[in-house]
Each structure stands twice: as structure tokens, then as C-alpha cells.
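Novice: Got a structure for you, written out below as C-alpha cells; questions coming shortly.
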Amino acid sequence: MFWRVLLQMLRAGRGRLAVALIALVSGAAVVSALLNLDLDVGSKLTQEFRTLGANVMIAPRQAQGNASPDPSSAAASSAEVAALMNESDVMAKLQSVQAQGMAAAPFLYVIARANRKQLVIAGTWLDQAAALSPTWKVEGDLVASRDDQAHALVGRSVARDLHLTPGSELAVDYLGRTARLTVAGIVEAGGAEDSQIFVNLPVAQGLANLEGRIGLVQLSIAGPSKNVADAAAKLADALPGYEVRPIRQVTEAEGALLGRIRLLIFSMVALILVLTSLCVLATMAALAIERREDVGLMKALGGSISRVVRFFLAEVGVLGAAGGAIGCLAGAVLTRWMGQRVFGATIAMRWPIVPVTIALMIIVALAGASPLRMLGKVKPAAIFRGE
């Protein structure tokens with residue numbers, strides 16, 4: 001009997017209830033899309049920031065924050081040679097630290113001469129350096145093996161000054177030692193890399209006569225800024241003799257931007273819930289006036305106030321659940337559209353969001369049904385007299 005009466009009430013008020021349902025569906029669609037975006041925005045934002053390259057650096061503590069010691073001085077001064085790091089020791093300890101998506105590359109910088117011009121030679125693991133610098137645009141080929149000592153990558157500015165193209169021969173001199181290289185590719189990064197020549201680490205070590213020594217290590221650690229900070233703390237414990245520091249400009253900017261985006265998302269969710277509730281409130285106020293006669297008749301037939309209220313609350317609850325369910329379907333489409341427009345990637349619908357959204361819409365519908373409380377004050381006698 002209860003469900004039959006409820007169904008009749010829904011049919012009788014379908015005109016006004018349709019307005020409330022549209023408001024609930026619209027609110028649910030936007031809320032579910034925003035909540036789904038909040039769950040995915042951390043990983044998507046992290047992916048965007050990882051395109052900036054390394055976010056943690058390991059350097060000798062004696063370097064006092066310099067990116068790398070002067071390699072020419074290092075070859076001449078035993079004190080500065082001691083300030084460099086032991087490659088095998090540092091890289092072995094890095095292997096013992098488990099960090100999500102960690103990529104590392106050691107670096108040794110040498111200021112050498114090529115075609116009578118002074119240039120910066122960056123010795124590294126070329127197969128890893130490209131992974132740490134996803135913004136590189138390479139004309140030609142990358143060097144896929146870190147054992148390849150015959151090829152180099154040349155910055156765009158160097159290539160322009162020395163008239164180099166992929167396949168060109170290049171001789172690099174340093175303190176009487178010469179490395180003859182073939183240009184594999186031209187690197188364009190829009191920064192200091194454009195003025196450097198990149199070779200595999202053994203080439204730079206051989207030029208500077210610093211076998212087994214490195215100036216610094218650059219790392220890229222996946223995950224949010226908290227993961228980066230935790231990994232940096234573990235690395236500092238594993239390498240007590242060296243300075244491990246996150247690149248603050250990247251990690252702090254990522255954390256601040258993520259916090260602002262989440263604040264904006266939750267503010268929008270709260271605003272949408274309030275506006276949806278006000279729309280339901282206006283609809284229910286008009287519906288309460290229309291149903292005064294029905295309520296008076298129910299009371300006259302012996303219906304209790306609690307039973308009458310249950311009918312109306314059930315009606316509103318069904319309306320909220322239906323609006324939430326339909327809105328989640330629309331929200332899945334909206335989520336995909338937002339992912340493509342904001343991040344250029346597909347954001348899949350997170351199904352745990354569905355019950356949360358339906359529950360929120362039921363709460364909003366019940367909050368907007370407060371005008372129905374006035375129906376409890378309806379007097380059957382006044383209704384029958386036409387008052």
C-alpha cells in the first residue's frame with residue numbers, strides 16, 4: 001500500500017517534480033565530475049610537473065650548493081678532486097633506496113675546447129638523460145647505450161656556432177687529451193642545455209682524467225610532492241656524506257598548485273550543492289501548497305502525521321536517488337570531456353564516486369524539502385471548509 005500511494009504521488013506531481021529532478025541531475029553531473037577530477041588531479045598534475053625534468057639533486061656537501069665543481073680545477077687540485085663523488089659508491093646506494101618511479105643520472109661537467117671555442121661538456125648516462133629531460137626536442141638520433149663513447153648530442157646553440165649537423169665529426173680537447181665524436185643528434189631544450197655537448201660519462205671522465213668520479217646526480221621521482229620529500233629523506237639517510245635536496249621550485253609549486261586546485265574543486269562542489277538545494281526548495285514550496293488538500297484528506301481518514309511525513313520524505317528521497325543516478329551517468333561524460341580539455345588525457349570514471357554522489361543528492365533533496373513540514377500543520381476541517 002505504501003509503495004502504491006508513493007507511486008501515485010510521484011505521478012500526480014510529475015510536472016513540478018520534473019523541475020526538481022532536472023536540478024538534481026544537473027547538480028549530480030557536475031558534482032560527480034568534480035569529485036572524480038579531484039581523485040585524479042594529483043596524478044595528472046604530477047605527470048605534468050614531471051615533464052619539467054629532475055626534481056631531486058645529489059651533490060657533494062663541500063660544493064656549498066654549486067651545481068657542479070669546476071672540472072678544470074678539479075683535475076689540478078687534489079682538494080677539489082676530493083669534493084667530487086665516487087660514482088660506484090653513490091649509484092650503488094641509490095639502488096638500495098626504493099622510490100616510486102625513480103630515474104637517476106650522474107653528471108660530470110668539463111670545460112673543454114672544440115674548434116677553438118670553449119664549451120661545456122656534460123658527461124652523463126645519455127640513455128637516462130633523455131628520460132630525465134622529456135622536454136628535449138632532438139633532431140637526429142638519441143644515444144641509446146651508456147657504453148657508446150663514439151657519439152654525442154649537441155645543443156642547438158653549439159650546433160649553430162660550429163655548423164654541426166647529425167653525422168658531423170667533432171674533436172673535443174682538454175689538457176692535451178682529445179675525444180673524437182660523431183654528432184648523433186641536435187638537442188633543443190630552450191635552456192642551458194642548448195649550449196652544452198652531451199657525451200656518455202666515461203668520455204668526460206677520460207677527458208678530465210677523473211675515472212670513477214662524478215660532480216652530481218639528478219633524479220626524477222614520480223608522485224606528489226610528499227612522495228618526493230619522503231624519497232629525499234631516505235636518500236639523505238643512505239648518503240650521509242652528501243647533500244640531497246629537492247628542487248624546491250618544482251616540488252613547492254606542485255604542492256601549492258595542487259592545494260589551490262582542490263580548494264577550488266571543493267568550493268565549487270559546495271556552491272553547486274547549495275544552489276541545487278535552493279532549486280529543490282523552491283519547487284517543494286510550490287508543491288506543498290498544492291498538496292494541502294491531499295494532506296487534509298489523509299488526516300481526515302485517520303492518517304497520522306508521521307505516516308504522512310514518511311510519504312513525502314520517501315517521495316523526495318526517491319527523487320534525490322534518481323537524480324543522483326542519472327547525474328552520475330552524465331557526470332561520466334563530463335569527466336571525460338574535462339580530462340581532454342584540461343589535461344589532454346582521458347580521465348576514467350571512479351565508481352566509488354557514484355554512491356557518494358547519490359547520497360549527496362538525497363541529502364540535498366531532503367534539505368530542500370523543508371517546506372513540506374508545513375503540511376503537518378494542515379487542519380482537515382479548514383481544508384473541507386475551503387480555507
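We name chains A, B, ... following the order of the C-alpha cells; residues begin at 1 in each chain, and ligands are numbered from 1 as shown.
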Residues of segment 90-235 of chain A classed as strand (DSSP E or B) by DSSP on the backbone are to be reported as a ChimeraX atom specification.

Specialist: /A:103-114,117-124,137-140,151-155,169-174,177-188,196-200,213-214,216-220

Novice: For Val25 of chain A, which residue among A:Ile326, A:Ala332, A:Ile265, A:Ala365 is the nearest when counting only C-alpha atoms?

Specialist: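 The answer is A:Ile326, which sits nearest to Val25 of chain A.
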
Novice: Near Gly155 of chain A, counting only C-alpha atoms, which residues have an atom at most 9 Å away, once you skip same-chain residues fewer than 4 positions from it, shown as a list of chain:residue names?

Specialist: A:Ala159, A:Arg160, A:Gly185, A:Ile186, A:Val187, A:Glu188, A:Ala189, A:Ala192, A:Glu193, A:Asp194, A:Ser195, A:Gln196, A:Ile197, A:Phe198

Novice: Set the distance at 10 Å and use only C-alpha atoms: which residues neighbour Ile363 of chain A once local chain neighbours fewer than 5 positions away are removed? I'd like the list as a list in words.

Specialist: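 Listed by chain and then number, they are Leu273, Ser277, Val316, Gly317, Gly320, Ala321, Thr357, Ile358, Gly368 and Ala369 of chain A.
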
Novice: Next, the residues of the selection above should be written as a PDB file, in the first residue's frame with N, CA and C atoms.

Specialist:
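Resulting contents of part22.pdb:
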```pdb
ATOM      1  N   LEU A 273      25.980  22.320  -4.542  1.00  0.00           N
ATOM      2  CA  LEU A 273      25.039  21.657  -3.630  1.00  0.00           C
ATOM      3  C   LEU A 273      24.053  22.662  -3.041  1.00  0.00           C
ATOM      4  N   SER A 277      20.053  22.692  -3.783  1.00  0.00           N
ATOM      5  CA  SER A 277      19.116  22.640  -2.659  1.00  0.00           C
ATOM      6  C   SER A 277      18.107  23.782  -2.726  1.00  0.00           C
ATOM      7  N   VAL A 316      10.650  12.454  -1.787  1.00  0.00           N
ATOM      8  CA  VAL A 316      11.825  13.295  -2.012  1.00  0.00           C
ATOM      9  C   VAL A 316      13.086  12.435  -2.096  1.00  0.00           C
ATOM     10  N   GLY A 317      13.176  11.389  -1.256  1.00  0.00           N
ATOM     11  CA  GLY A 317      14.340  10.507  -1.294  1.00  0.00           C
ATOM     12  C   GLY A 317      14.478   9.791  -2.620  1.00  0.00           C
ATOM     13  N   GLY A 320      15.736  12.284  -5.106  1.00  0.00           N
ATOM     14  CA  GLY A 320      17.174  12.532  -4.962  1.00  0.00           C
ATOM     15  C   GLY A 320      18.015  11.388  -5.487  1.00  0.00           C
ATOM     16  N   ALA A 321      17.594  10.139  -5.193  1.00  0.00           N
ATOM     17  CA  ALA A 321      18.346   8.972  -5.671  1.00  0.00           C
ATOM     18  C   ALA A 321      18.322   8.886  -7.192  1.00  0.00           C
ATOM     19  N   THR A 357      27.854  10.416  -4.658  1.00  0.00           N
ATOM     20  CA  THR A 357      27.039  11.431  -5.332  1.00  0.00           C
ATOM     21  C   THR A 357      25.557  11.203  -5.074  1.00  0.00           C
ATOM     22  N   ILE A 358      25.105   9.954  -5.143  1.00  0.00           N
ATOM     23  CA  ILE A 358      23.688   9.655  -4.883  1.00  0.00           C
ATOM     24  C   ILE A 358      23.318  10.046  -3.456  1.00  0.00           C
ATOM     25  N   GLY A 368      16.165  20.399   0.814  1.00  0.00           N
ATOM     26  CA  GLY A 368      15.283  21.296   0.069  1.00  0.00           C
ATOM     27  C   GLY A 368      13.819  21.026   0.291  1.00  0.00           C
ATOM     28  N   ALA A 369      13.490  19.926   0.971  1.00  0.00           N
ATOM     29  CA  ALA A 369      12.089  19.568   1.212  1.00  0.00           C
ATOM     30  C   ALA A 369      11.554  20.147   2.512  1.00  0.00           C
TER      31      ALA A 369
END
```

Novice: With distances taken over only C-alpha atoms, which of A:Arg260, A:Arg213, A:Lys137, A:Arg310 is nearest to Phe107 of chain A?

Specialist: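 Looking only at the distances to Phe107 of chain A, the closest residue turns out to be A:Arg213.
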
Novice: Have a look at A:Leu219, A:Val30, A:Ala171, A:Val203 and name the one nearest to Val56 of chain A; count only C-alpha atoms.

Specialist: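 Smallest distance to Val56 of chain A is found for A:Leu219.
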
Novice: Could you give me, as a list of chain:residue names, the residues within 12 Å of Met268 of chain A, counting only C-alpha atoms and dropping anything in the same chain fewer than 4 positions from it?

Specialist: A:Gly27, A:Val30, A:Val31, A:Ser32, A:Ala33, A:Leu34, A:Leu35, A:Asp38, A:Ile261, A:Arg262, A:Leu263, A:Leu264, A:Ile272, A:Leu273, A:Val274, A:Leu275

Novice: List the neighbours of Ala54 of chain A out to 7 Å using only C-alpha atoms; skip same-chain residues closer than 6 positions along the sequence, and give me the result as a PyMOL selection string.

Specialist: chain A and resi 132+218-220

Novice: Those same residues - C-alpha atoms - I'd like them written as an mmCIF file, in the first residue's frame.

Specialist:
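Saved to out_18.cif:
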```cif
data_model
loop_
_atom_site.group_PDB
_atom_site.id
_atom_site.type_symbol
_atom_site.label_atom_id
_atom_site.label_comp_id
_atom_site.auth_asym_id
_atom_site.auth_seq_id
_atom_site.Cartn_x
_atom_site.Cartn_y
_atom_site.Cartn_z
ATOM 1 C CA LEU A 132 65.069 12.967 -17.192
ATOM 2 C CA GLN A 218 69.977 14.311 -10.905
ATOM 3 C CA LEU A 219 66.882 12.292 -10.050
ATOM 4 C CA SER A 220 63.274 12.321 -11.135
#
```
